[in-house]
Each structure stands twice: as structure tokens, then as C-alpha cells.
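What follows is entry.pdb (PDB, C-alpha atoms and all ligand atoms).
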```pdb
ATOM      1  CA  MET T   1       0.000   0.000   0.000  1.00  0.00           C
ATOM      2  CA  ILE T   2       1.314   3.366  -1.029  1.00  0.00           C
ATOM      3  CA  ARG T   3       0.671   4.843   2.404  1.00  0.00           C
ATOM      4  CA  ASN T   4       3.054   2.263   3.874  1.00  0.00           C
ATOM      5  CA  ASP T   5       5.742   3.161   1.366  1.00  0.00           C
ATOM      6  CA  VAL T   6       5.499   6.834   2.256  1.00  0.00           C
ATOM      7  CA  ARG T   7       5.641   5.938   5.941  1.00  0.00           C
ATOM      8  CA  LYS T   8       8.716   3.827   5.285  1.00  0.00           C
ATOM      9  CA  LEU T   9      10.393   6.713   3.439  1.00  0.00           C
ATOM     10  CA  ILE T  10       9.737   9.050   6.378  1.00  0.00           C
ATOM     11  CA  GLU T  11      10.967   6.452   8.851  1.00  0.00           C
ATOM     12  CA  GLU T  12      14.220   6.013   6.928  1.00  0.00           C
ATOM     13  CA  LEU T  13      14.754   9.783   6.826  1.00  0.00           C
ATOM     14  CA  THR T  14      14.367  10.105  10.600  1.00  0.00           C
ATOM     15  CA  LYS T  15      17.304   7.707  10.999  1.00  0.00           C
ATOM     16  CA  LEU T  16      19.588  10.466   9.694  1.00  0.00           C
ATOM     17  CA  PRO T  17      21.166  12.663  12.379  1.00  0.00           C
ATOM     18  CA  GLY T  18      19.466  16.014  12.832  1.00  0.00           C
ATOM     19  CA  ILE T  19      16.286  14.975  10.957  1.00  0.00           C
ATOM     20  CA  SER T  20      13.209  15.292  13.115  1.00  0.00           C
ATOM     21  CA  LEU T  21       9.868  13.751  12.180  1.00  0.00           C
ATOM     22  CA  LYS T  22       8.627  17.154  11.042  1.00  0.00           C
ATOM     23  CA  ILE T  23      11.631  17.723   8.785  1.00  0.00           C
ATOM     24  CA  ALA T  24      11.359  14.133   7.507  1.00  0.00           C
ATOM     25  CA  HIS T  25       7.797  14.811   6.320  1.00  0.00           C
ATOM     26  CA  LYS T  26       8.990  17.958   4.562  1.00  0.00           C
ATOM     27  CA  VAL T  27      11.955  16.241   2.925  1.00  0.00           C
ATOM     28  CA  ALA T  28       9.855  13.242   1.870  1.00  0.00           C
ATOM     29  CA  TYR T  29       7.343  15.565   0.234  1.00  0.00           C
ATOM     30  CA  SER T  30      10.142  17.367  -1.628  1.00  0.00           C
ATOM     31  CA  ILE T  31      11.753  14.118  -2.785  1.00  0.00           C
ATOM     32  CA  LEU T  32       8.472  12.749  -4.083  1.00  0.00           C
ATOM     33  CA  ASN T  33       7.770  15.947  -5.993  1.00  0.00           C
ATOM     34  CA  ASP T  34      11.189  16.542  -7.515  1.00  0.00           C
ATOM     35  CA  ALA T  35      12.899  13.919  -9.679  1.00  0.00           C
ATOM     36  CA  SER T  36      16.289  15.653  -9.374  1.00  0.00           C
ATOM     37  CA  LEU T  37      16.278  15.028  -5.609  1.00  0.00           C
ATOM     38  CA  LYS T  38      16.000  11.294  -6.210  1.00  0.00           C
ATOM     39  CA  GLU T  39      19.216  11.634  -8.206  1.00  0.00           C
ATOM     40  CA  VAL T  40      20.841  13.546  -5.307  1.00  0.00           C
ATOM     41  CA  ILE T  41      20.023  10.723  -2.910  1.00  0.00           C
ATOM     42  CA  LYS T  42      21.402   8.152  -5.295  1.00  0.00           C
ATOM     43  CA  ASN T  43      24.613  10.197  -5.683  1.00  0.00           C
ATOM     44  CA  ILE T  44      25.029  10.466  -1.910  1.00  0.00           C
ATOM     45  CA  ALA T  45      24.705   6.696  -1.514  1.00  0.00           C
ATOM     46  CA  ASP T  46      27.057   5.969  -4.443  1.00  0.00           C
ATOM     47  CA  THR T  47      29.728   8.405  -3.193  1.00  0.00           C
ATOM     48  CA  ALA T  48      29.503   7.237   0.430  1.00  0.00           C
ATOM     49  CA  GLU T  49      29.953   3.686  -0.826  1.00  0.00           C
ATOM     50  CA  LYS T  50      33.410   4.604  -2.179  1.00  0.00           C
ATOM     51  CA  ILE T  51      34.637   6.046   1.154  1.00  0.00           C
ATOM     52  CA  GLN T  52      35.607   4.245   4.338  1.00  0.00           C
ATOM     53  CA  VAL T  53      37.242   5.132   7.650  1.00  0.00           C
ATOM     54  CA  CYS T  54      40.996   4.533   7.431  1.00  0.00           C
ATOM     55  CA  PRO T  55      42.040   1.948  10.045  1.00  0.00           C
ATOM     56  CA  ASP T  56      45.496   3.590  10.273  1.00  0.00           C
ATOM     57  CA  CYS T  57      44.616   7.243  10.955  1.00  0.00           C
ATOM     58  CA  GLY T  58      40.863   7.388  11.628  1.00  0.00           C
ATOM     59  CA  PHE T  59      40.297   9.795   8.737  1.00  0.00           C
ATOM     60  CA  PHE T  60      38.356   8.962   5.564  1.00  0.00           C
ATOM     61  CA  ARG T  61      40.012   7.120   2.723  1.00  0.00           C
ATOM     62  CA  SER T  62      39.033   5.984  -0.729  1.00  0.00           C
ATOM     63  CA  LYS T  63      38.248   2.275  -0.879  1.00  0.00           C
ATOM     64  CA  ASP T  64      40.127   2.081  -4.175  1.00  0.00           C
ATOM     65  CA  ASP T  65      43.050   4.511  -3.870  1.00  0.00           C
ATOM     66  CA  GLY T  66      44.069   4.199  -0.212  1.00  0.00           C
ATOM     67  CA  CYS T  67      44.579   7.036   2.269  1.00  0.00           C
ATOM     68  CA  ASP T  68      45.867  10.493   1.196  1.00  0.00           C
ATOM     69  CA  ASN T  69      46.123  11.510   4.824  1.00  0.00           C
ATOM     70  CA  CYS T  70      48.450   8.902   6.295  1.00  0.00           C
ATOM     71  CA  HIS T  71      50.103   6.962   3.514  1.00  0.00           C
ATOM     72  CA  GLU T  72      52.330   9.874   2.495  1.00  0.00           C
ATOM     73  CA  LYS T  73      55.395  11.141   4.356  1.00  0.00           C
ATOM     74  CA  THR T  74      54.675  14.045   6.687  1.00  0.00           C
ATOM     75  CA  ASP T  75      56.613  16.217   9.125  1.00  0.00           C
ATOM     76  CA  GLU T  76      53.584  17.206  11.221  1.00  0.00           C
ATOM     77  CA  ILE T  77      50.755  15.077  12.604  1.00  0.00           C
ATOM     78  CA  CYS T  78      47.921  16.748  14.493  1.00  0.00           C
ATOM     79  CA  VAL T  79      46.263  14.336  16.920  1.00  0.00           C
ATOM     80  CA  VAL T  80      42.579  14.964  17.702  1.00  0.00           C
ATOM     81  CA  ALA T  81      39.934  13.013  19.596  1.00  0.00           C
ATOM     82  CA  THR T  82      37.139  13.174  17.045  1.00  0.00           C
ATOM     83  CA  TYR T  83      36.293  14.020  13.473  1.00  0.00           C
ATOM     84  CA  SER T  84      34.530  17.224  14.536  1.00  0.00           C
ATOM     85  CA  ASP T  85      37.696  18.484  16.301  1.00  0.00           C
ATOM     86  CA  MET T  86      39.596  17.817  13.100  1.00  0.00           C
ATOM     87  CA  SER T  87      37.084  19.638  10.946  1.00  0.00           C
ATOM     88  CA  ALA T  88      37.233  22.691  13.269  1.00  0.00           C
ATOM     89  CA  ILE T  89      41.004  22.882  12.797  1.00  0.00           C
ATOM     90  CA  GLU T  90      40.664  22.220   9.090  1.00  0.00           C
ATOM     91  CA  ARG T  91      38.055  24.983   8.689  1.00  0.00           C
ATOM     92  CA  SER T  92      40.348  27.443  10.495  1.00  0.00           C
ATOM     93  CA  GLY T  93      42.959  26.857   7.773  1.00  0.00           C
ATOM     94  CA  CYS T  94      45.713  27.076  10.424  1.00  0.00           C
ATOM     95  CA  PHE T  95      47.219  23.625   9.981  1.00  0.00           C
ATOM     96  CA  LYS T  96      48.722  22.126   6.833  1.00  0.00           C
ATOM     97  CA  GLY T  97      50.071  18.772   8.038  1.00  0.00           C
ATOM     98  CA  SER T  98      48.249  15.484   8.343  1.00  0.00           C
ATOM     99  CA  TYR T  99      45.733  14.373  10.974  1.00  0.00           C
ATOM    100  CA  HIS T 100      45.334  11.455  13.295  1.00  0.00           C
ATOM    101  CA  ILE T 101      41.871  10.876  14.728  1.00  0.00           C
ATOM    102  CA  LEU T 102      42.038   8.787  17.892  1.00  0.00           C
ATOM    103  CA  GLY T 103      38.329   7.977  18.000  1.00  0.00           C
ATOM    104  CA  GLY T 104      37.759   9.393  21.497  1.00  0.00           C
ATOM    105  CA  LEU T 105      39.576   9.951  24.787  1.00  0.00           C
ATOM    106  CA  ILE T 106      40.462   7.576  27.583  1.00  0.00           C
ATOM    107  CA  ALA T 107      37.409   7.477  29.868  1.00  0.00           C
ATOM    108  CA  PRO T 108      37.172   4.196  31.822  1.00  0.00           C
ATOM    109  CA  LEU T 109      33.795   5.137  33.305  1.00  0.00           C
ATOM    110  CA  GLU T 110      32.385   5.378  29.797  1.00  0.00           C
ATOM    111  CA  ASN T 111      34.149   2.184  28.769  1.00  0.00           C
ATOM    112  CA  MET T 112      36.670   4.017  26.593  1.00  0.00           C
ATOM    113  CA  LEU T 113      39.943   2.248  27.224  1.00  0.00           C
ATOM    114  CA  PRO T 114      43.383   3.001  25.757  1.00  0.00           C
ATOM    115  CA  GLU T 115      43.123   0.024  23.409  1.00  0.00           C
ATOM    116  CA  ASP T 116      39.943   1.489  21.901  1.00  0.00           C
ATOM    117  CA  LEU T 117      41.946   4.425  20.529  1.00  0.00           C
ATOM    118  CA  LEU T 118      44.226   4.443  17.464  1.00  0.00           C
ATOM    119  CA  VAL T 119      47.400   4.890  19.532  1.00  0.00           C
ATOM    120  CA  ASP T 120      49.353   1.864  18.230  1.00  0.00           C
ATOM    121  CA  GLN T 121      48.617   3.152  14.742  1.00  0.00           C
ATOM    122  CA  LEU T 122      49.981   6.586  15.760  1.00  0.00           C
ATOM    123  CA  LYS T 123      53.145   4.915  17.011  1.00  0.00           C
ATOM    124  CA  ARG T 124      53.604   3.186  13.655  1.00  0.00           C
ATOM    125  CA  ARG T 125      53.172   6.486  11.835  1.00  0.00           C
ATOM    126  CA  VAL T 126      55.845   8.106  14.021  1.00  0.00           C
ATOM    127  CA  GLU T 127      58.219   5.229  13.255  1.00  0.00           C
ATOM    128  CA  LEU T 128      57.635   5.745   9.540  1.00  0.00           C
ATOM    129  CA  ASN T 129      58.119   9.536   9.792  1.00  0.00           C
ATOM    130  CA  GLN T 130      61.325   9.977  11.765  1.00  0.00           C
ATOM    131  CA  GLY T 131      61.641  13.386  13.459  1.00  0.00           C
ATOM    132  CA  VAL T 132      57.940  14.184  12.943  1.00  0.00           C
ATOM    133  CA  GLU T 133      56.192  16.747  15.145  1.00  0.00           C
ATOM    134  CA  VAL T 134      53.172  15.202  16.872  1.00  0.00           C
ATOM    135  CA  LEU T 135      50.864  18.023  17.940  1.00  0.00           C
ATOM    136  CA  LEU T 136      48.295  16.901  20.498  1.00  0.00           C
ATOM    137  CA  ALA T 137      45.128  18.959  19.971  1.00  0.00           C
ATOM    138  CA  LEU T 138      43.302  17.286  22.845  1.00  0.00           C
ATOM    139  CA  PRO T 139      41.037  18.942  25.412  1.00  0.00           C
ATOM    140  CA  PHE T 140      42.312  20.139  28.781  1.00  0.00           C
ATOM    141  CA  SER T 141      40.086  17.826  30.773  1.00  0.00           C
ATOM    142  CA  ILE T 142      40.693  14.774  32.959  1.00  0.00           C
ATOM    143  CA  GLU T 143      40.102  12.518  29.925  1.00  0.00           C
ATOM    144  CA  GLY T 144      42.250  14.728  27.669  1.00  0.00           C
ATOM    145  CA  ASP T 145      45.127  14.757  30.176  1.00  0.00           C
ATOM    146  CA  ALA T 146      44.909  10.984  30.723  1.00  0.00           C
ATOM    147  CA  THR T 147      45.084  10.469  26.960  1.00  0.00           C
ATOM    148  CA  VAL T 148      48.083  12.815  26.630  1.00  0.00           C
ATOM    149  CA  ILE T 149      49.965  10.920  29.371  1.00  0.00           C
ATOM    150  CA  TYR T 150      49.175   7.589  27.748  1.00  0.00           C
ATOM    151  CA  ILE T 151      50.344   8.761  24.306  1.00  0.00           C
ATOM    152  CA  GLN T 152      53.489  10.296  25.828  1.00  0.00           C
ATOM    153  CA  ASP T 153      54.236   6.941  27.405  1.00  0.00           C
ATOM    154  CA  MET T 154      53.570   4.951  24.231  1.00  0.00           C
ATOM    155  CA  LEU T 155      55.807   7.214  22.106  1.00  0.00           C
ATOM    156  CA  GLN T 156      58.649   7.259  24.622  1.00  0.00           C
ATOM    157  CA  GLY T 157      62.070   6.721  23.050  1.00  0.00           C
ATOM    158  CA  LEU T 158      60.929   7.391  19.457  1.00  0.00           C
ATOM    159  CA  ASN T 159      62.423  10.098  17.280  1.00  0.00           C
ATOM    160  CA  LEU T 160      59.780  12.859  17.416  1.00  0.00           C
ATOM    161  CA  LYS T 161      58.862  16.292  18.750  1.00  0.00           C
ATOM    162  CA  LEU T 162      55.835  15.991  20.998  1.00  0.00           C
ATOM    163  CA  THR T 163      53.846  19.204  21.457  1.00  0.00           C
ATOM    164  CA  ARG T 164      50.447  20.162  22.808  1.00  0.00           C
ATOM    165  CA  ILE T 165      48.149  23.054  21.917  1.00  0.00           C
ATOM    166  CA  ALA T 166      48.208  26.062  24.257  1.00  0.00           C
ATOM    167  CA  ARG T 167      46.360  26.218  27.488  1.00  0.00           C
ATOM    168  CA  GLY T 168      43.990  29.130  27.800  1.00  0.00           C
ATOM    169  CA  LEU T 169      41.048  27.612  25.966  1.00  0.00           C
ATOM    170  CA  PRO T 170      37.850  28.319  27.871  1.00  0.00           C
ATOM    171  CA  SER T 171      37.321  25.464  30.286  1.00  0.00           C
ATOM    172  CA  GLY T 172      35.168  22.719  28.843  1.00  0.00           C
ATOM    173  CA  ALA T 173      34.940  24.323  25.423  1.00  0.00           C
ATOM    174  CA  ALA T 174      35.311  21.755  22.665  1.00  0.00           C
ATOM    175  CA  LEU T 175      37.486  22.768  19.746  1.00  0.00           C
ATOM    176  CA  ASP T 176      34.569  22.489  17.381  1.00  0.00           C
ATOM    177  CA  VAL T 177      32.720  25.410  18.919  1.00  0.00           C
ATOM    178  CA  LEU T 178      35.713  27.727  18.944  1.00  0.00           C
ATOM    179  CA  ASP T 179      36.278  30.374  16.321  1.00  0.00           C
ATOM    180  CA  ARG T 180      39.209  30.566  13.931  1.00  0.00           C
ATOM    181  CA  ARG T 181      41.180  33.045  16.040  1.00  0.00           C
ATOM    182  CA  THR T 182      40.995  30.826  19.120  1.00  0.00           C
ATOM    183  CA  VAL T 183      42.053  27.772  17.118  1.00  0.00           C
ATOM    184  CA  LEU T 184      44.945  29.781  15.619  1.00  0.00           C
ATOM    185  CA  GLU T 185      46.102  30.968  19.068  1.00  0.00           C
ATOM    186  CA  ALA T 186      45.848  27.451  20.461  1.00  0.00           C
ATOM    187  CA  LEU T 187      47.944  26.036  17.627  1.00  0.00           C
ATOM    188  CA  GLN T 188      50.508  28.853  17.597  1.00  0.00           C
ATOM    189  CA  GLY T 189      50.913  28.697  21.358  1.00  0.00           C
ATOM    190  CA  ARG T 190      51.776  25.010  21.292  1.00  0.00           C
ATOM    191  CA  SER T 191      54.420  23.923  23.758  1.00  0.00           C
ATOM    192  CA  TYR T 192      56.752  20.983  24.064  1.00  0.00           C
ATOM    193  CA  ILE T 193      55.916  18.240  26.467  1.00  0.00           C
ATOM    194  CA  ASN T 194      58.577  15.922  27.962  1.00  0.00           C
TER     195      ASN T 194
HETATM  196 ZN    ZN T 201      44.828   6.959   6.853  1.00  0.00          ZN
END
```
Can you present the structure in this file as C-alpha cells?
Amino acid sequence: MIRNDVRKLIEELTKLPGISLKIAHKVAYSILNDASLKEVIKNIADTAEKIQVCPDCGFFRSKDDGCDNCHEKTDEICVVATYSDMSAIERSGCFKGSYHILGGLIAPLENMLPEDLLVDQLKRRVELNQGVEVLLALPFSIEGDATVIYIQDMLQGLNLKLTRIARGLPSGAALDVLDRRTVLEALQGRSYIN
């Protein structure tokens, strides 16, 4: 029954982040009335199909051509907790090196343990890029500090410069809500650890 198909379409739309039931109704109506939007949806699915999360750096890579972000030599790796932290730095245009997305921060109470993060992979990247600067763009929180200490420990004895973004970020503010100037100051004010 056609009514069921429409309901199904709306249900599928509400599975997307940020799409409420009300918006889903609106979008469904638009899709059903505009053939070009059906093409857009097909293109999104086809393009997403070609992309996967890179198991070595946590960024996106092409399924066919490998990872632009981590399979090339680099002299600077910026380590972030999440994709949204990375995109905040990327949008600011202040950093030109490559990224390493850990996939979270150490938080035992939330079941995030060191082995859940891409730290071994970071170690391998440092070994392949002798003398690299590893810039830790991690929050100044209990979880952020615990993660910094763990990484420091894991990278001990390797040939690298380990730095961390400047203190002075508003307490609790995630990088993704900060403006370009704040991101720039945080990156420029980086300091050596060890
Ligand atoms: Zn990669």
C-alpha cells in the first residue's frame, strides 16, 4: 500500500542525524515531488559507498586509492579526539600537516579504554616519519590529560617532537565550537611536552 511506502520513506529519513519527524515529512514531500532530488540521494549513496574510515589514521580514505592523509610522508601530525575536532582545525585553515583521529579519549567510566583508541597506529606512523612533530590537539580535561599521558608513554624513546596546543582555551569548550582566532592561538601557542 502506497501509504506504507510513504511511511517507510519518512521512517528512513528520521534515521539520519538532525532529521526530526517534522523535517522528515517535509523532505519526503520534496523528494516525491522533484525527480532531481532522487538523483541527489542516489549520488550520496554511491559516493559514500566509495569512502571508508581509514584503520590507520581514523580519517576517511578511498576504498580504491588508499589514504591520502596517512600513507604519504609528513613532518607534522595533528592528533585529535574526534572528526569534529579535526574539521574545526581544518576549517580554520591554520594547519597544513596530516591528521590522526584517535576515535575518542580515555574514559574508563564510559568504557573508553586506551586500546579502543588508534594509539598503536599513531606509534607506527611516528616510526615511519622519523623526526615528525606530533601536535596533540586534545582537550584540557581529565580525559584529555589521561590520553596525553598515555600517548606520551607509548611514544617514549621514538624520534619525534611531541607538542600540545596552548592552554587558555575556555574550560570545557570543545574545539569544534571555537572560532578561527581561538584555534589559531591554540595552535601557535603550542608547547613541548617531555
Ligand atoms: Zn589513513
Inset, instruction - Specify as a list in words each residue included when the PyMOL selection byres (((not hetatm)) within 6 of (chain T and resi 201)) is applied to this file. - result: Cys54, Asp56, Cys57, Phe59, Cys67, Asn69 and Cys70 of chain T
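Between CA of Ile165 in chain T and CA of Asp75 in chain T the separation is 16.8 Å.
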What are the nearest atom pairs, with distances in Å to one decimal, for all residues of range 39-117 of chain T that come at most 12 Å from range 18-31 of chain T, using all atoms listed in the file, set out by chain and rising residue number as a tab-separated table?
```
residue	atom	partner	partner_atom	distance
T:Glu39	CA	T:Ile31	CA	9.6
T:Val40	CA	T:Ile31	CA	9.4
T:Ile41	CA	T:Ile31	CA	8.9
T:Lys42	CA	T:Ile31	CA	11.6
```
Legend entry - Shortest interatomic distance to Leu135 in chain T - which of T:Ile101, T:Met112, T:Ile106, T:Val80, counting all atoms listed in the file: T:Val80
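Between CA of Gly104 in chain T and CA of Ile193 in chain T the interatomic distance comes to 20.8 Å.
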Inset, instruction - Write out as a PyMOL selection string which residues come within 9 Å of Phe95 in chain T when counting all atoms listed in the file, dropping same-chain ones fewer than 4 positions away. - result: chain T and resi 78+89-90+184+187
Restricting it to C-alpha atoms, dump the selection as an mmCIF file, in the coordinates of the input.
```cif
data_model
loop_
_atom_site.group_PDB
_atom_site.id
_atom_site.type_symbol
_atom_site.label_atom_id
_atom_site.label_comp_id
_atom_site.auth_asym_id
_atom_site.auth_seq_id
_atom_site.Cartn_x
_atom_site.Cartn_y
_atom_site.Cartn_z
ATOM 1 C CA CYS T 78 47.921 16.748 14.493
ATOM 2 C CA ILE T 89 41.004 22.882 12.797
ATOM 3 C CA GLU T 90 40.664 22.220 9.090
ATOM 4 C CA LEU T 184 44.945 29.781 15.619
ATOM 5 C CA LEU T 187 47.944 26.036 17.627
#
```
